[in-house]
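Raw run.txt, compact mmCIF, N, CA and C atoms:
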```
# COMPACT_ATOMS: atom_id res chain seq x y z
N MET T 5 57.91 -55.42 -78.44
CA MET T 5 57.65 -54.27 -77.59
C MET T 5 57.50 -53.05 -78.50
N LEU T 6 56.44 -52.32 -78.28
CA LEU T 6 56.15 -51.14 -79.10
C LEU T 6 57.11 -50.01 -78.76
N GLY T 7 57.78 -49.50 -79.76
CA GLY T 7 58.63 -48.33 -79.58
C GLY T 7 57.78 -47.07 -79.63
N SER T 8 58.28 -46.01 -79.08
CA SER T 8 57.55 -44.74 -79.15
C SER T 8 58.51 -43.65 -79.61
N GLU T 9 57.93 -42.68 -80.26
CA GLU T 9 58.73 -41.60 -80.81
C GLU T 9 59.04 -40.57 -79.74
N ARG T 10 60.28 -40.15 -79.70
CA ARG T 10 60.66 -39.09 -78.76
C ARG T 10 60.39 -37.75 -79.41
N LEU T 11 59.64 -36.92 -78.74
CA LEU T 11 59.25 -35.64 -79.32
C LEU T 11 60.37 -34.60 -79.29
N ASP T 12 61.43 -34.83 -78.49
CA ASP T 12 62.51 -33.86 -78.37
C ASP T 12 63.61 -34.08 -79.41
N ARG T 13 63.47 -35.08 -80.25
CA ARG T 13 64.52 -35.41 -81.20
C ARG T 13 64.32 -34.60 -82.49
N GLN T 14 65.41 -34.05 -83.03
CA GLN T 14 65.29 -33.23 -84.23
C GLN T 14 66.08 -33.76 -85.41
N LEU T 15 66.95 -34.73 -85.21
CA LEU T 15 67.76 -35.23 -86.31
C LEU T 15 66.90 -35.82 -87.42
N LEU T 16 65.87 -36.58 -87.06
CA LEU T 16 65.02 -37.21 -88.05
C LEU T 16 63.70 -36.48 -88.26
N ASP T 17 63.60 -35.27 -87.75
CA ASP T 17 62.39 -34.48 -87.90
C ASP T 17 62.43 -33.77 -89.25
N THR T 18 61.51 -34.12 -90.13
CA THR T 18 61.48 -33.58 -91.48
C THR T 18 61.47 -32.06 -91.51
N MET T 19 60.62 -31.47 -90.71
CA MET T 19 60.48 -30.01 -90.73
C MET T 19 61.74 -29.32 -90.23
N ALA T 20 62.43 -29.91 -89.26
CA ALA T 20 63.65 -29.31 -88.74
C ALA T 20 64.80 -29.41 -89.74
N VAL T 21 64.86 -30.53 -90.46
CA VAL T 21 65.97 -30.76 -91.38
C VAL T 21 65.77 -30.07 -92.73
N CYS T 22 64.58 -30.22 -93.31
CA CYS T 22 64.38 -29.69 -94.67
C CYS T 22 62.97 -29.14 -94.87
N GLY T 23 62.37 -28.61 -93.83
CA GLY T 23 61.00 -28.10 -93.92
C GLY T 23 60.78 -27.06 -94.99
N ASP T 24 61.79 -26.27 -95.28
CA ASP T 24 61.63 -25.24 -96.31
C ASP T 24 61.57 -25.83 -97.72
N LEU T 25 61.93 -27.10 -97.89
CA LEU T 25 61.90 -27.75 -99.20
C LEU T 25 60.61 -28.52 -99.45
N VAL T 26 59.81 -28.71 -98.40
CA VAL T 26 58.57 -29.48 -98.53
C VAL T 26 57.44 -28.51 -98.90
N PRO T 27 56.82 -28.71 -100.07
CA PRO T 27 55.81 -27.76 -100.56
C PRO T 27 54.59 -27.64 -99.64
N GLU T 28 54.14 -26.41 -99.45
CA GLU T 28 52.91 -26.14 -98.70
C GLU T 28 51.75 -26.86 -99.38
N GLY T 29 50.84 -27.42 -98.58
CA GLY T 29 49.66 -28.06 -99.12
C GLY T 29 49.88 -29.47 -99.65
N SER T 30 51.11 -29.96 -99.62
CA SER T 30 51.37 -31.30 -100.13
C SER T 30 51.09 -32.34 -99.04
N VAL T 31 50.85 -33.58 -99.46
CA VAL T 31 50.63 -34.66 -98.50
C VAL T 31 51.89 -34.89 -97.67
N TYR T 32 53.04 -34.61 -98.25
CA TYR T 32 54.31 -34.79 -97.54
C TYR T 32 54.42 -33.80 -96.38
N ARG T 33 54.01 -32.58 -96.62
CA ARG T 33 54.04 -31.58 -95.55
C ARG T 33 53.01 -31.92 -94.47
N PHE T 34 51.83 -32.36 -94.93
CA PHE T 34 50.80 -32.75 -93.97
C PHE T 34 51.30 -33.85 -93.05
N LEU T 35 51.91 -34.89 -93.62
CA LEU T 35 52.44 -35.98 -92.79
C LEU T 35 53.57 -35.52 -91.89
N ALA T 36 54.41 -34.64 -92.39
CA ALA T 36 55.52 -34.12 -91.57
C ALA T 36 54.98 -33.35 -90.36
N GLU T 37 53.93 -32.59 -90.58
CA GLU T 37 53.40 -31.75 -89.51
C GLU T 37 52.44 -32.48 -88.57
N HIS T 38 51.72 -33.49 -89.07
CA HIS T 38 50.63 -34.09 -88.30
C HIS T 38 50.75 -35.60 -88.07
N ARG T 39 51.88 -36.19 -88.41
CA ARG T 39 52.03 -37.64 -88.31
C ARG T 39 51.68 -38.15 -86.91
N GLY T 40 52.13 -37.49 -85.90
CA GLY T 40 51.89 -37.94 -84.53
C GLY T 40 50.43 -37.95 -84.14
N ARG T 41 49.64 -37.05 -84.74
CA ARG T 41 48.20 -37.02 -84.43
C ARG T 41 47.42 -37.99 -85.31
N VAL T 42 47.85 -38.15 -86.56
CA VAL T 42 47.16 -39.07 -87.47
C VAL T 42 47.43 -40.52 -87.08
N PHE T 43 48.68 -40.82 -86.72
CA PHE T 43 49.09 -42.17 -86.35
C PHE T 43 49.76 -42.17 -84.97
N PRO T 44 48.99 -41.98 -83.90
CA PRO T 44 49.61 -41.99 -82.57
C PRO T 44 50.19 -43.38 -82.27
N ASP T 45 51.33 -43.42 -81.62
CA ASP T 45 52.00 -44.69 -81.33
C ASP T 45 51.10 -45.65 -80.56
N GLY T 46 50.27 -45.14 -79.67
CA GLY T 46 49.38 -45.99 -78.89
C GLY T 46 48.36 -46.74 -79.73
N MET T 47 48.10 -46.27 -80.94
CA MET T 47 47.14 -46.91 -81.84
C MET T 47 47.60 -48.33 -82.22
N PHE T 48 48.89 -48.58 -82.11
CA PHE T 48 49.45 -49.84 -82.58
C PHE T 48 49.86 -50.79 -81.45
N GLU T 49 49.49 -50.48 -80.22
CA GLU T 49 49.91 -51.27 -79.06
C GLU T 49 49.55 -52.74 -79.17
N ASP T 50 48.36 -53.05 -79.65
CA ASP T 50 47.91 -54.44 -79.69
C ASP T 50 48.64 -55.29 -80.73
N LEU T 51 49.45 -54.68 -81.57
CA LEU T 51 50.22 -55.41 -82.58
C LEU T 51 51.57 -55.89 -82.05
N TYR T 52 51.96 -55.45 -80.87
CA TYR T 52 53.27 -55.75 -80.33
C TYR T 52 53.16 -56.47 -79.00
N GLY T 53 54.09 -57.40 -78.76
CA GLY T 53 54.16 -58.08 -77.47
C GLY T 53 54.89 -57.20 -76.47
N GLY T 54 54.92 -57.64 -75.23
CA GLY T 54 55.56 -56.86 -74.19
C GLY T 54 57.02 -57.20 -73.95
N ARG T 55 57.57 -58.14 -74.73
CA ARG T 55 58.94 -58.59 -74.51
C ARG T 55 59.83 -58.11 -75.64
N GLY T 56 61.12 -58.09 -75.36
CA GLY T 56 62.10 -57.78 -76.39
C GLY T 56 62.47 -56.31 -76.46
N ARG T 57 63.21 -56.00 -77.48
CA ARG T 57 63.67 -54.65 -77.71
C ARG T 57 62.56 -53.80 -78.30
N PRO T 58 62.51 -52.50 -77.98
CA PRO T 58 61.48 -51.65 -78.58
C PRO T 58 61.61 -51.62 -80.10
N SER T 59 60.49 -51.62 -80.75
CA SER T 59 60.44 -51.61 -82.21
C SER T 59 60.56 -50.19 -82.76
N VAL T 60 60.53 -50.09 -84.07
CA VAL T 60 60.38 -48.79 -84.71
C VAL T 60 58.98 -48.31 -84.33
N PRO T 61 58.82 -47.04 -83.98
CA PRO T 61 57.50 -46.55 -83.57
C PRO T 61 56.44 -46.81 -84.65
N GLY T 62 55.25 -47.18 -84.21
CA GLY T 62 54.15 -47.45 -85.13
C GLY T 62 53.83 -46.28 -86.04
N SER T 63 53.98 -45.05 -85.54
CA SER T 63 53.70 -43.87 -86.36
C SER T 63 54.65 -43.78 -87.54
N VAL T 64 55.88 -44.20 -87.35
CA VAL T 64 56.87 -44.18 -88.44
C VAL T 64 56.54 -45.26 -89.47
N VAL T 65 56.22 -46.46 -89.00
CA VAL T 65 55.88 -47.55 -89.91
C VAL T 65 54.64 -47.20 -90.74
N ALA T 66 53.61 -46.66 -90.11
CA ALA T 66 52.38 -46.29 -90.81
C ALA T 66 52.66 -45.20 -91.85
N THR T 67 53.48 -44.23 -91.51
CA THR T 67 53.81 -43.16 -92.45
C THR T 67 54.59 -43.70 -93.64
N VAL T 68 55.52 -44.59 -93.40
CA VAL T 68 56.27 -45.20 -94.49
C VAL T 68 55.34 -45.96 -95.42
N MET T 69 54.38 -46.68 -94.86
CA MET T 69 53.44 -47.44 -95.69
C MET T 69 52.58 -46.51 -96.55
N VAL T 70 52.15 -45.38 -96.00
CA VAL T 70 51.38 -44.41 -96.77
C VAL T 70 52.23 -43.84 -97.90
N LEU T 71 53.47 -43.48 -97.59
CA LEU T 71 54.35 -42.91 -98.62
C LEU T 71 54.68 -43.94 -99.70
N GLN T 72 54.83 -45.21 -99.34
CA GLN T 72 55.06 -46.25 -100.33
C GLN T 72 53.87 -46.37 -101.27
N ALA T 73 52.67 -46.34 -100.72
CA ALA T 73 51.46 -46.43 -101.54
C ALA T 73 51.33 -45.22 -102.47
N LEU T 74 51.61 -44.04 -101.95
CA LEU T 74 51.52 -42.83 -102.78
C LEU T 74 52.58 -42.81 -103.86
N GLY T 75 53.73 -43.35 -103.57
CA GLY T 75 54.83 -43.36 -104.54
C GLY T 75 54.77 -44.51 -105.52
N GLY T 76 53.81 -45.41 -105.34
CA GLY T 76 53.68 -46.54 -106.25
C GLY T 76 54.69 -47.64 -105.99
N PHE T 77 55.19 -47.73 -104.77
CA PHE T 77 56.20 -48.73 -104.44
C PHE T 77 55.61 -49.97 -103.80
N VAL T 78 54.28 -50.09 -103.79
CA VAL T 78 53.62 -51.23 -103.18
C VAL T 78 53.23 -52.19 -104.28
N ARG T 79 53.61 -53.44 -104.12
CA ARG T 79 53.24 -54.46 -105.08
C ARG T 79 52.08 -55.26 -104.55
N SER T 80 51.15 -55.59 -105.41
CA SER T 80 50.00 -56.40 -104.96
C SER T 80 50.11 -57.81 -105.46
```

Since I need it in another form, could you write the structure as structure tokens?
Amino acid sequence: MLGSERLDRQLLDTMAVCGDLVPEGSVYRFLAEHRGRVFPDGMFEDLYGGRGRPSVPGSVVATVMVLQALGGFVRS
């Protein structure tokens, strides 16, 4: 089951927690500000079944994968 991100939550919101530490113009700031529009949760619906517990939202998984690739943490 596809999980979805709650927009009212601030504990895990990068900009709310440490936005002043994220450099302007960086890819990290861009993802923090625009992740929901770049990777909307609905984009990943066909990857999940309708049964079971909700998953980690697709937007979070996609963002983690981008950050892993940028940080060189992806092995081929």

For Phe43 of chain T, which of T:Gly56, T:Gly7, T:Gly62, T:Pro27 is the closest residue, counting all atoms listed in the file?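 Comparing T:Gly56, T:Gly7, T:Gly62, T:Pro27 against Phe43 of chain T, the winner is T:Gly62.
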
I'd like the interatomic distance between atom CA of Glu37 of chain T and atom CA of Tyr52 of chain T, to a tenth of an Å.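 A separation of 25.7 Å between them.
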
If you count only C-alpha atoms, the residue of T:Met19, T:Met47, T:Arg33, T:Leu25 closest to Val65 of chain T turns out to be T:Met47

Using DSSP on the backbone, list every residue of chain T that comes out as helix (DSSP H, G or I), and give them as a ChimeraX atom specification. /T:18-25,31-42,45-51,62-75

Report, in Å with one decimal, the straight-line distance from atom CA of His38 of chain T to atom N of Arg55 of chain T.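 Result for atom CA of His38 of chain T versus atom N of Arg55 of chain T: 28.5 Å, one decimal.
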
To one decimal place in Å, what is the distance between atom CA of Asp50 of chain T and atom CA of Ala66 of chain T?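 About the pair atom CA of Asp50 of chain T and atom CA of Ala66 of chain T: they are 14.5 Å apart.
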